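Right, one structure below, let's go through it.
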Amino acid sequence: MMPSTRTPSWLAQRSAVWSRLGAALLTWRRGRLSRQDALQALDGYRGLARDVASARKALPGSSITLALETLYASLHNIVNREPRHTLASLRHLYAVEIPATVQELKPALLGVWLLFALSVGAGWWLIHTWPTLVNLVASPDMIQHVEHGELWTDGILNVTPSSLLSVRIFTNNIVVTLFACAAGIFYGLGTFYVIANNGLMLGAVFAFTRQHGLDGDLLKFIFAHGTVELSMICLGGAAGVALGESLIRPKLPSRRDSLQQCTARIARLFAALIPLLVICGLIEGFVSPDPAIGWPVRFVIGLANLALMYAVLTGRFFRSGAAA
Amino acid sequence: MNTDSLVVRSPTGVDVALAIAGPGSRSYAFIIDWHIRLLLALTWFAVAAFLQTGFSFLKVKSMTTVGVISLGPALAIYFFYHPLVEVAMRGRTPGKRTAGVRIVNRQGGTPSTLALLIRNAFRLIDSLPALYAVGLCTTIFSAQRVRLGDLAAGTLLVHDGGEEAKALAQLGSLSLNPTVDAATVALGNDLLLRWRDLQPSVRRQLGRELLARIATAAGTPYQPVTMDALDDRELERRLRRALSGGPT
């Protein structure tokens with residue numbers, strides 16, 4: 001039941017302020033707030049909080065209180081808006097945050113690399129021992145090409161232009177890396193599956209091409225882009241392991257908070273992973289399938305790509321900028 | 001934990017309650033957005049393909065080029081619609097706006113760009129194995145009706161329908177007479193807000209009763225005969241005036 005008190009006179013006087021605040025709110029929501037707007041919003045927010053508290057006491061459950069609460073919630077949303085990334089915070093991201101995250105993920109990364117290497121070995125052994133099982137990991141088209149003494153990538157540029165090939169490849173790699181990471185939400189098991197599956201396929205394909213004397217050609221094809229590409233997928237996997245671990249052994253009181261904190265931390269990695277995967281895709285589209293490019297050039301490109309990855313992940317590439 | 005609303009402790013000491021959107025509102029918003037992005041992508045594809053093949057002055061000879069220019073941006077529109085639009089519209093999309101929902105962080109504020117991107121990256125998992133089955137299940141069974149992407153990004157969907165506009169309109173037309181008791185003021189404002197929705201006979205009766213109450217409280221003479229003769233519009237006008245402190 002409503003208390004039979006008089007309407008506080010100041011509440012009556014405030015209605016004009018609410019109208020002004022409401023009108024300003026519509027403008028504030030659309031764009032960036034100036035310093036004066038921000039101060040005005042904060043001031044209005046504090047004033048409105050007092051009004052809501054008073055209205056809840058004087059007029060509980062009334063439409064006036066509900067309307068004030070709605071206005072208060074909208075203003076709360078504006079006041080608590082997170083700042084947008086500026087150039088300085090981007091520099092900080094690449095020079096400090098990403099290297100710190102990579103350092104933190106080192107043990108997980110080592111584990112993922114080990115799993116990947118074991119899966120490659122397992123795939124190799126499997127196809128080496130039972131060659132007919134190649135049907136499980138390679139498409140009929142790939143098998144046919146290899147059996148005819150050529151890689152499935154030979155002459156691919158006659159079918160698809162390098163630009164289109166690059167886009168297709170880096171899109172796929174980004175999706176695989178994102179998936180390797182996000183699948184970690186299933187207590188890390190999803191990541192293990194993605195990494196093991198990729199390793200198994202790579203080992204199996206190498207064993208199969210070895211049987212037809214094409215393993216050298218395959219290595220030549222993948223060297224320029226593959227080293228960084230696989231490293232990125234493994235790094236995505238390490239991030240997935242961290243996600244899984246945040247659920248298995250939460251560092252915060254609740255698993256939800258722990259997962260959230262971990263995701264926010266590792267998501268920054270993708271700001272480095274994605275550009276590097278785009279570069280790998282470009283190499284795979286323009287360099288790797290081109291028969292005119294020999295081993296030495298591929299070797300140099302592969303090493304340069306590795307050096308770039310190292311510089312980006314350790315923050316060396318951006319450190320001078322951040323210091324400035 | 002209350003599953004229907006997100007109660008945020010504000011630094012002012014006055015809590016903010018936001019109504020959490022359920023799977024129904026989410027699906028509704030998603031379906032609208034899905035149609036928008038599909039239509040945009042198809043429109044780009046059709047227009048770009050037509051322009052390149054239909055106009056000889058553009059001199060596009062290779063079908064691969066036609067494919068790249070038509071298909072590439074179309075796919076980009078389709079796949080990057082959500083992250084781009086959510087970031088640009090600060091947690092809203094046309095579909096969400098139509099469904100009356102918006103994304104907020106756990107503090108009830110607009111989420112950061114990073115949180116919105118994380119939320120969208122997890123669509124890869126939420127869409128598994130097909131038709132957003134994982135996302136839909138977690139939305140139905142999780143306490144705050146969130147999908148895995150929301151869980152990872154620390155976001156959730158809250159109702160943001162026409163309440164704000166309605167609230168602003170209400171606050172703009174409030175009548176707060178400090179000499180009348182709070183209950184009567186609240187009742188009077190509620191009656192005025194619902195005036196058009198009530199049956200004429202009911203609102204006239206309520207209006208007269210309220211005017212009599214205000215007149216009694218203010219110690220002014222009340223004339224029932226005159227009041228009975230008043231039409232709807234005049235009664236509403238008098239009630240508004242009385243609640244604002246004018247004569248009955």
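By order of appearance in the structure tokens: chains A, B, ..., then residues from 1 within every chain, and ligands from 1 in the order shown.
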Legend entry - Residue set, segment 81-321 of chain A restricted to alpha helix (DSSP H), as a count of residues only: 187
Legend entry - All residues 8 Å or closer to segment 196-207 of chain A, only C-alpha atoms, same chain fewer than 5 positions away omitted, as a list in words: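 Near segment 196-207 of chain A, the qualifying residues are Leu115, Phe116, Ala117, Leu118, Ser119, Val120, Gly121, Ala122, Gly123, Trp124, Trp125, Leu126, Ile127, His128, Val134, Val137, Ala138, Asp215 and Leu218 of chain A.
When the distance limit is 10 Å and only C-alpha atoms are what count, the residues near Arg237 of chain B, minus those fewer than 4 positions from it on the same chain, are Leu192, Asp232, Arg233, Arg241, Ala242 and Thr248 of chain B.
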Legend entry - For Arg56 of chain A, the nearest of the candidates A:Asp217, A:Glu69, A:Thr171, A:Ile279, counting only C-alpha atoms: A:Glu69
Inset, instruction - May I have all residues of segment 23-223 of chain B that DSSP, computed from the backbone, assigns to strand (DSSP E or B), given as a PyMOL selection string? - result: chain B and resi 101-105+155-159+181
Could you write out that same residue set with C-alpha atoms as an mmCIF file, in the first residue's frame?
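Full text of out-v8.cif as output:
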data_model
loop_
_atom_site.group_PDB
_atom_site.id
_atom_site.type_symbol
_atom_site.label_atom_id
_atom_site.label_comp_id
_atom_site.auth_asym_id
_atom_site.auth_seq_id
_atom_site.Cartn_x
_atom_site.Cartn_y
_atom_site.Cartn_z
ATOM 1 C CA VAL B 101 16.588 -6.162 -26.988
ATOM 2 C CA ARG B 102 20.179 -4.986 -26.687
ATOM 3 C CA ILE B 103 23.503 -6.400 -25.537
ATOM 4 C CA VAL B 104 24.912 -5.170 -22.243
ATOM 5 C CA ASN B 105 27.894 -6.145 -20.140
ATOM 6 C CA THR B 155 27.569 -10.029 -22.014
ATOM 7 C CA LEU B 156 23.842 -10.673 -21.936
ATOM 8 C CA LEU B 157 20.746 -9.577 -23.758
ATOM 9 C CA VAL B 158 18.276 -7.331 -21.972
ATOM 10 C CA HIS B 159 14.937 -5.941 -22.996
ATOM 11 C CA ASP B 181 -0.740 13.291 -1.117
#
Inset, instruction - Identify, on the basis of only C-alpha atoms, every residue whose closest approach to Val167 of chain A does not exceed 12 Å; exclude the query and any residue fewer than 4 positions from it along the same chain; express the result as a list in words. - result: Thr160, Pro161, Ser162, Ser163, Thr171, Asn172, Asn173, Ile174, Leu277, Val278, Ile279, Cys280, Gly281, Leu282, Ile283, Glu284, Gly285 and Phe286 of chain A; Val68, Leu71, Gly72, Pro73, Leu75 and Ala76 of chain B
Legend entry - Asp257 of chain A environment, 10 Å, only C-alpha atoms, sequence neighbours closer than 2 positions dropped, as a list in words: Ser246, Leu247, Pro250, Lys251, Leu252, Pro253, Ser254, Arg255, Leu259, Gln260, Gln261, Cys262 and Thr263 of chain A; Leu151, Ala152, Ala153 and Gly154 of chain B
Inset, instruction - Pick out the residues sitting within 12 Å of Val47 of chain B, and hand them over as a count of residues only; count only C-alpha atoms, and ignore anything fewer than 5 positions along from it in its own chain. - result: 14
So that each row is one residue of segment 205-306 of chain A with an atom at most 6 Å from segment 184-189 of chain A, can you give its shortest atom pair and the distance in Å to one decimal, using only C-alpha atoms, rows by chain and rising number, as a Markdown table?
| residue | atom | partner | partner_atom | distance |
| --- | --- | --- | --- | --- |
| A:Gly240 | CA | A:Gly184 | CA | 4.0 |
| A:Val241 | CA | A:Gly188 | CA | 5.0 |
| A:Leu243 | CA | A:Gly184 | CA | 5.4 |
| A:Gly244 | CA | A:Tyr187 | CA | 4.0 |
Inset, instruction - Would you list the contacts of Thr98 of chain B as a ChimeraX atom specification, taking every protein, DNA or RNA residue within 12 Å and counting only C-alpha atoms, but skipping same-chain residues closer than 5 positions in sequence? - result: /B:25-33,92-93,159-162
Inset, instruction - Would you work out the distance separating atom CA of Gln36 of chain A from atom CA of Arg90 of chain B, expressed in Å to one decimal? - result: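 Rounded to one decimal, the two atoms are 21.3 Å apart.
Of the residues under consideration (B:Ala19, B:Leu198, B:Leu131, B:Ala48), B:Ala19 shows the shortest atom-to-atom contact distance to chain A when counting only C-alpha atoms.
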Inset, instruction - Measuring atom to atom with only C-alpha atoms, identify which of A:Gly237, A:Gly315, A:Gly149, A:Gly190 is nearest to chain B. - result: A:Gly190
Legend entry - For Asn80 of chain A, the nearest of the candidates A:Ile64, A:Gly236, A:Leu110, A:Ala38, counting only C-alpha atoms: A:Ala38
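With atom CA of Ala183 of chain A on one side and atom CA of Arg37 of chain B on the other, the separation reads 26.0 Å.
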Legend entry - Two-atom distance - atom CA of Gly67 of chain B, atom CA of Leu84 of chain B (Å): 23.6 Å
